[in-house]
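To keep things clear, I will list the structure first and then write my remarks on it.
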There are 2 protein chains.
Amino acid sequence: MKDSLITVSGGMDSITLLYDKRDEIALAVTYDYGSKHNRMELEYALHHCHALGIEHIVIPLDFVARYFKSSLLQGGDAIPECAYNDDNMKSTVVPFRNGIMLSIACGLAETHGLHKVLIANHSGDHAIYPDCREEFINAMSNAMSSGTYKNITISAPYTNISKSDIAKIGKRLGIDYSKTYSCYNGRTKHCGRCATCLERKESLRIAGIPDTTEYEDD
Amino acid sequence: MKDSLITVSGGMDSITLLYDKRDEIALAVTYDYGSKHNRMELEYALHHCHALGIEHIVIPLDFVARYFKSSLLQGGDAIPECAYNDDNMKSTVVPFRNGIMLSIACGLAETHGLHKVLIANHSGDHAIYPDCREEFINAMSNAMSSGTYKNITISAPYTNISKSDIAKIGKRLGIDYSKTYSCYNGRTKHCGRCATCLERKESLRIAGIPDTTEYEDD
């Protein structure tokens, strides 16, 4: 039964979830919140939704880059070159980003008569991003359920697995990860040095998937 | 201590809360989500924030009128002429509107180092709008707290009082309600027949405030 809406960026995680739950998905939504990498990711979100015949819309959130502060955003500070567990990765936090994306998704789901919102947060995000943790997802799901007629809830099946585990699911599903984008710097080629690039490389390696990504430092 | 952000529309309820909690408010936010009456309200939100010396920003949410369905929105069906408890007022629901407004407010509050988000939902809204009820406000406050570093929470002090009770608070504070806007039709004069106009008239009458509003049917 197609009763779900998915928030899909065009990165490895959300593209995996898109294929993983394709039979449940009636509508896919990508947010352009003014991050350095939104536009690069968007191309792949469109590509895969088109390939799967899933309706896709883009919601521009111009106010985020204008009023929020984060190195992830256009006009923000430089993206740190380090692993995700380093403290200065906190500069990449966009405050309550998942809360904002999920609440808009919830309103869209209610408009379309859908019952579930899918999101691909995973355990590697927990250390730095409070709005990727299980506690937040459960609380937000309760808020969505109590604030809607359809009692809409969140399904976040990757919350407690790693990006490598997600890549293993993608391998089984035959996903072409060269058609996904991860780099926080948002240039044509992946930088290969920021936390998401390091995590991308590691997850592909652990899952045993040849990494055909073009990195700037190759 | 000025540690709060307020969501203020320019209607009677949020303008009352603005004056009521003026000593706590560091930032006021109005959303232009494409409703028929947003622009009329906005003028008064600006007026009162300016009068109180409170910083004020407007967040445009163009996607709501484009992708959501509600008679409240520009391009939507006609606003019903009836009281709030009538079933066809459901056509004025903008799905999860308060969830969306609160989540953006939460991200802005975290960006500005604030701890609390103020909202002026009241008991008269409960019957029709699920995202105005105490259960939703509490669940959303939990979601915001768990999804932010500052553990931001919601303060909704009018949740369980009526619009007449709010008008009584406004009377005590000396608020000039002629400088607020309520009508869902969003024309220059209040229509005097929609649910919010009927509620406005009644609350001013019960609070013993002379109603100097110009209604179309006067």
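Letters for chains follow the order of the structure tokens (A, B, ...), residue numbers begin at 1 for each chain, and ligand numbers begin at 1 in the order shown.
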
*Determine, counting only C-alpha atoms, which protein, DNA and RNA residues have an atom within 12 Å of an atom of Asn98 (chain A); residues of the same chain fewer than 5 positions away are not included. Present the result as a PyMOL selection string.*
(chain A and resi 7-9+31+33+93+103-106+117-121+125+129-133+136-137+140-141+154+156) or (chain B and resi 100+103-104+106-107+143-144+146-148)

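When the distance limit is 8 Å and only C-alpha atoms are what count, the residues near Leu73 (chain A), minus those fewer than 6 positions from it on the same chain, are Gly34, Ser35, Lys36 and Ala65 of chain A.
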
*Could you give me the residues within region 41-189 of chain A that DSSP places in helix (DSSP H, G or I), as a PyMOL selection string?*
chain A and resi 41-52+62-67+87-92+97-111+123-125+130-132+134-146+163-173+177-179

*asked:* List as a ChimeraX atom specification the protein and nucleic acid residues near Ser70 (chain B), meaning an atom at most 7 Å away when only C-alpha atoms are counted, but skip any in the same chain fewer than 2 places from it.
replied: /B:68,72-73,76,91-94

Please save all heavy atoms of the selected residues as an mmCIF file, in the first residue's frame.
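Below is the file out38.cif, written as the result:
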data_model
loop_
_atom_site.group_PDB
_atom_site.id
_atom_site.type_symbol
_atom_site.label_atom_id
_atom_site.label_comp_id
_atom_site.auth_asym_id
_atom_site.auth_seq_id
_atom_site.Cartn_x
_atom_site.Cartn_y
_atom_site.Cartn_z
ATOM 1 N N PHE B 68 -0.315 22.858 -0.316
ATOM 2 C CA PHE B 68 -1.280 22.426 0.690
ATOM 3 C C PHE B 68 -2.689 22.828 0.232
ATOM 4 O O PHE B 68 -2.841 23.752 -0.544
ATOM 5 C CB PHE B 68 -0.991 23.088 2.040
ATOM 6 C CG PHE B 68 0.242 22.567 2.748
ATOM 7 C CD1 PHE B 68 1.445 22.415 2.087
ATOM 8 C CD2 PHE B 68 0.203 22.255 4.094
ATOM 9 C CE1 PHE B 68 2.586 21.952 2.746
ATOM 10 C CE2 PHE B 68 1.325 21.795 4.768
ATOM 11 C CZ PHE B 68 2.514 21.641 4.096
ATOM 12 N N LEU B 72 -8.362 28.420 3.784
ATOM 13 C CA LEU B 72 -7.688 29.583 4.384
ATOM 14 C C LEU B 72 -6.675 30.202 3.420
ATOM 15 O O LEU B 72 -6.294 31.368 3.571
ATOM 16 C CB LEU B 72 -6.953 29.113 5.647
ATOM 17 C CG LEU B 72 -6.701 30.146 6.743
ATOM 18 C CD1 LEU B 72 -8.013 30.629 7.324
ATOM 19 C CD2 LEU B 72 -5.837 29.548 7.843
ATOM 20 N N LEU B 73 -6.237 29.414 2.422
ATOM 21 C CA LEU B 73 -5.128 29.853 1.562
ATOM 22 C C LEU B 73 -5.609 30.577 0.314
ATOM 23 O O LEU B 73 -6.713 30.326 -0.187
ATOM 24 C CB LEU B 73 -4.283 28.632 1.162
ATOM 25 C CG LEU B 73 -3.671 27.860 2.339
ATOM 26 C CD1 LEU B 73 -3.027 26.558 1.845
ATOM 27 C CD2 LEU B 73 -2.637 28.705 3.072
ATOM 28 N N GLY B 76 -7.692 29.021 -2.502
ATOM 29 C CA GLY B 76 -8.508 27.959 -1.922
ATOM 30 C C GLY B 76 -10.001 28.272 -2.056
ATOM 31 O O GLY B 76 -10.389 29.317 -2.573
ATOM 32 N N SER B 91 -12.572 22.956 6.660
ATOM 33 C CA SER B 91 -11.947 23.357 5.394
ATOM 34 C C SER B 91 -10.866 24.411 5.616
ATOM 35 O O SER B 91 -10.019 24.631 4.765
ATOM 36 C CB SER B 91 -12.998 23.899 4.416
ATOM 37 O OG SER B 91 -13.345 25.240 4.728
ATOM 38 N N THR B 92 -10.877 25.081 6.799
ATOM 39 C CA THR B 92 -9.873 26.124 7.065
ATOM 40 C C THR B 92 -8.588 25.567 7.680
ATOM 41 O O THR B 92 -7.650 26.319 7.921
ATOM 42 C CB THR B 92 -10.428 27.217 8.021
ATOM 43 O OG1 THR B 92 -10.682 26.630 9.304
ATOM 44 C CG2 THR B 92 -11.701 27.844 7.476
ATOM 45 N N VAL B 93 -8.569 24.265 7.957
ATOM 46 C CA VAL B 93 -7.347 23.672 8.524
ATOM 47 C C VAL B 93 -6.219 23.721 7.495
ATOM 48 O O VAL B 93 -6.405 23.326 6.346
ATOM 49 C CB VAL B 93 -7.596 22.199 8.940
ATOM 50 C CG1 VAL B 93 -6.290 21.530 9.361
ATOM 51 C CG2 VAL B 93 -8.617 22.127 10.068
ATOM 52 N N VAL B 94 -5.061 24.254 7.896
ATOM 53 C CA VAL B 94 -3.836 24.127 7.101
ATOM 54 C C VAL B 94 -3.031 23.027 7.781
ATOM 55 O O VAL B 94 -2.563 23.210 8.900
ATOM 56 C CB VAL B 94 -3.027 25.442 7.080
ATOM 57 C CG1 VAL B 94 -1.726 25.256 6.318
ATOM 58 C CG2 VAL B 94 -3.853 26.571 6.475
#

*asked:* Just to confirm, what's the straight-line distance from CA of Arg205 (chain B) to CA of Lys163 (chain B) in Å (one decimal)?
replied: 11.1 Å

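Restricting the calculation to only C-alpha atoms, the smallest distance between chain A and any of B:Leu173, B:Met101, B:Ile209, B:Ala45 is found for B:Met101.
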
*Between CA of Lys150 (chain A) and CA of His112 (chain A), measure the distance and give it in Å to one decimal.*
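Going from CA of Lys150 (chain A) over to CA of His112 (chain A) covers 10.5 Å.
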
*Nearest to chain B among A:Gly10, A:Ala139, A:Ser123, A:Met40, with distances taken over only C-alpha atoms: which residue is it?*
A:Ala139

*asked:* I want to know what sits within 8 Å of Lys116 (chain B), based on only C-alpha atoms, with residues of the same chain fewer than 4 positions away left out; could you give that as a list of chain:residue names?
replied: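 Selected residues are B:Asp3, B:Ser4, B:Leu5, B:Ala109, B:Ile152, B:Thr153, B:Ile154, B:Ser155.
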
*Closest of B:Ser203, B:Asn142, B:Thr30, B:Thr159 to chain A - atom-to-atom distances counting only C-alpha atoms*: B:Asn142

*For chain B, which of A:Arg193, A:Lys168, A:Lys69, A:His115 is the closest residue, counting only C-alpha atoms?*
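Nearest to chain B: A:Lys69.
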
_Backbone-only DSSP, strand (DSSP E) members of chain B, as a list in words_ =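 Written out, the strand (DSSP E) residues of chain B are Ser4, Leu5, Ile6, Thr7, Ile25, Ala26, Leu27, Ala28, Val29, Thr30, Tyr31, Asp32, His56, Ile57, Val58, Ile59, Pro60, Lys116, Val117, Leu118, Thr153, Ile154 and Ser155 of chain B.
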
*CA of Thr111 (chain A) to CA of Ile54 (chain A), straight-line distance in Å*: 17.2 Å
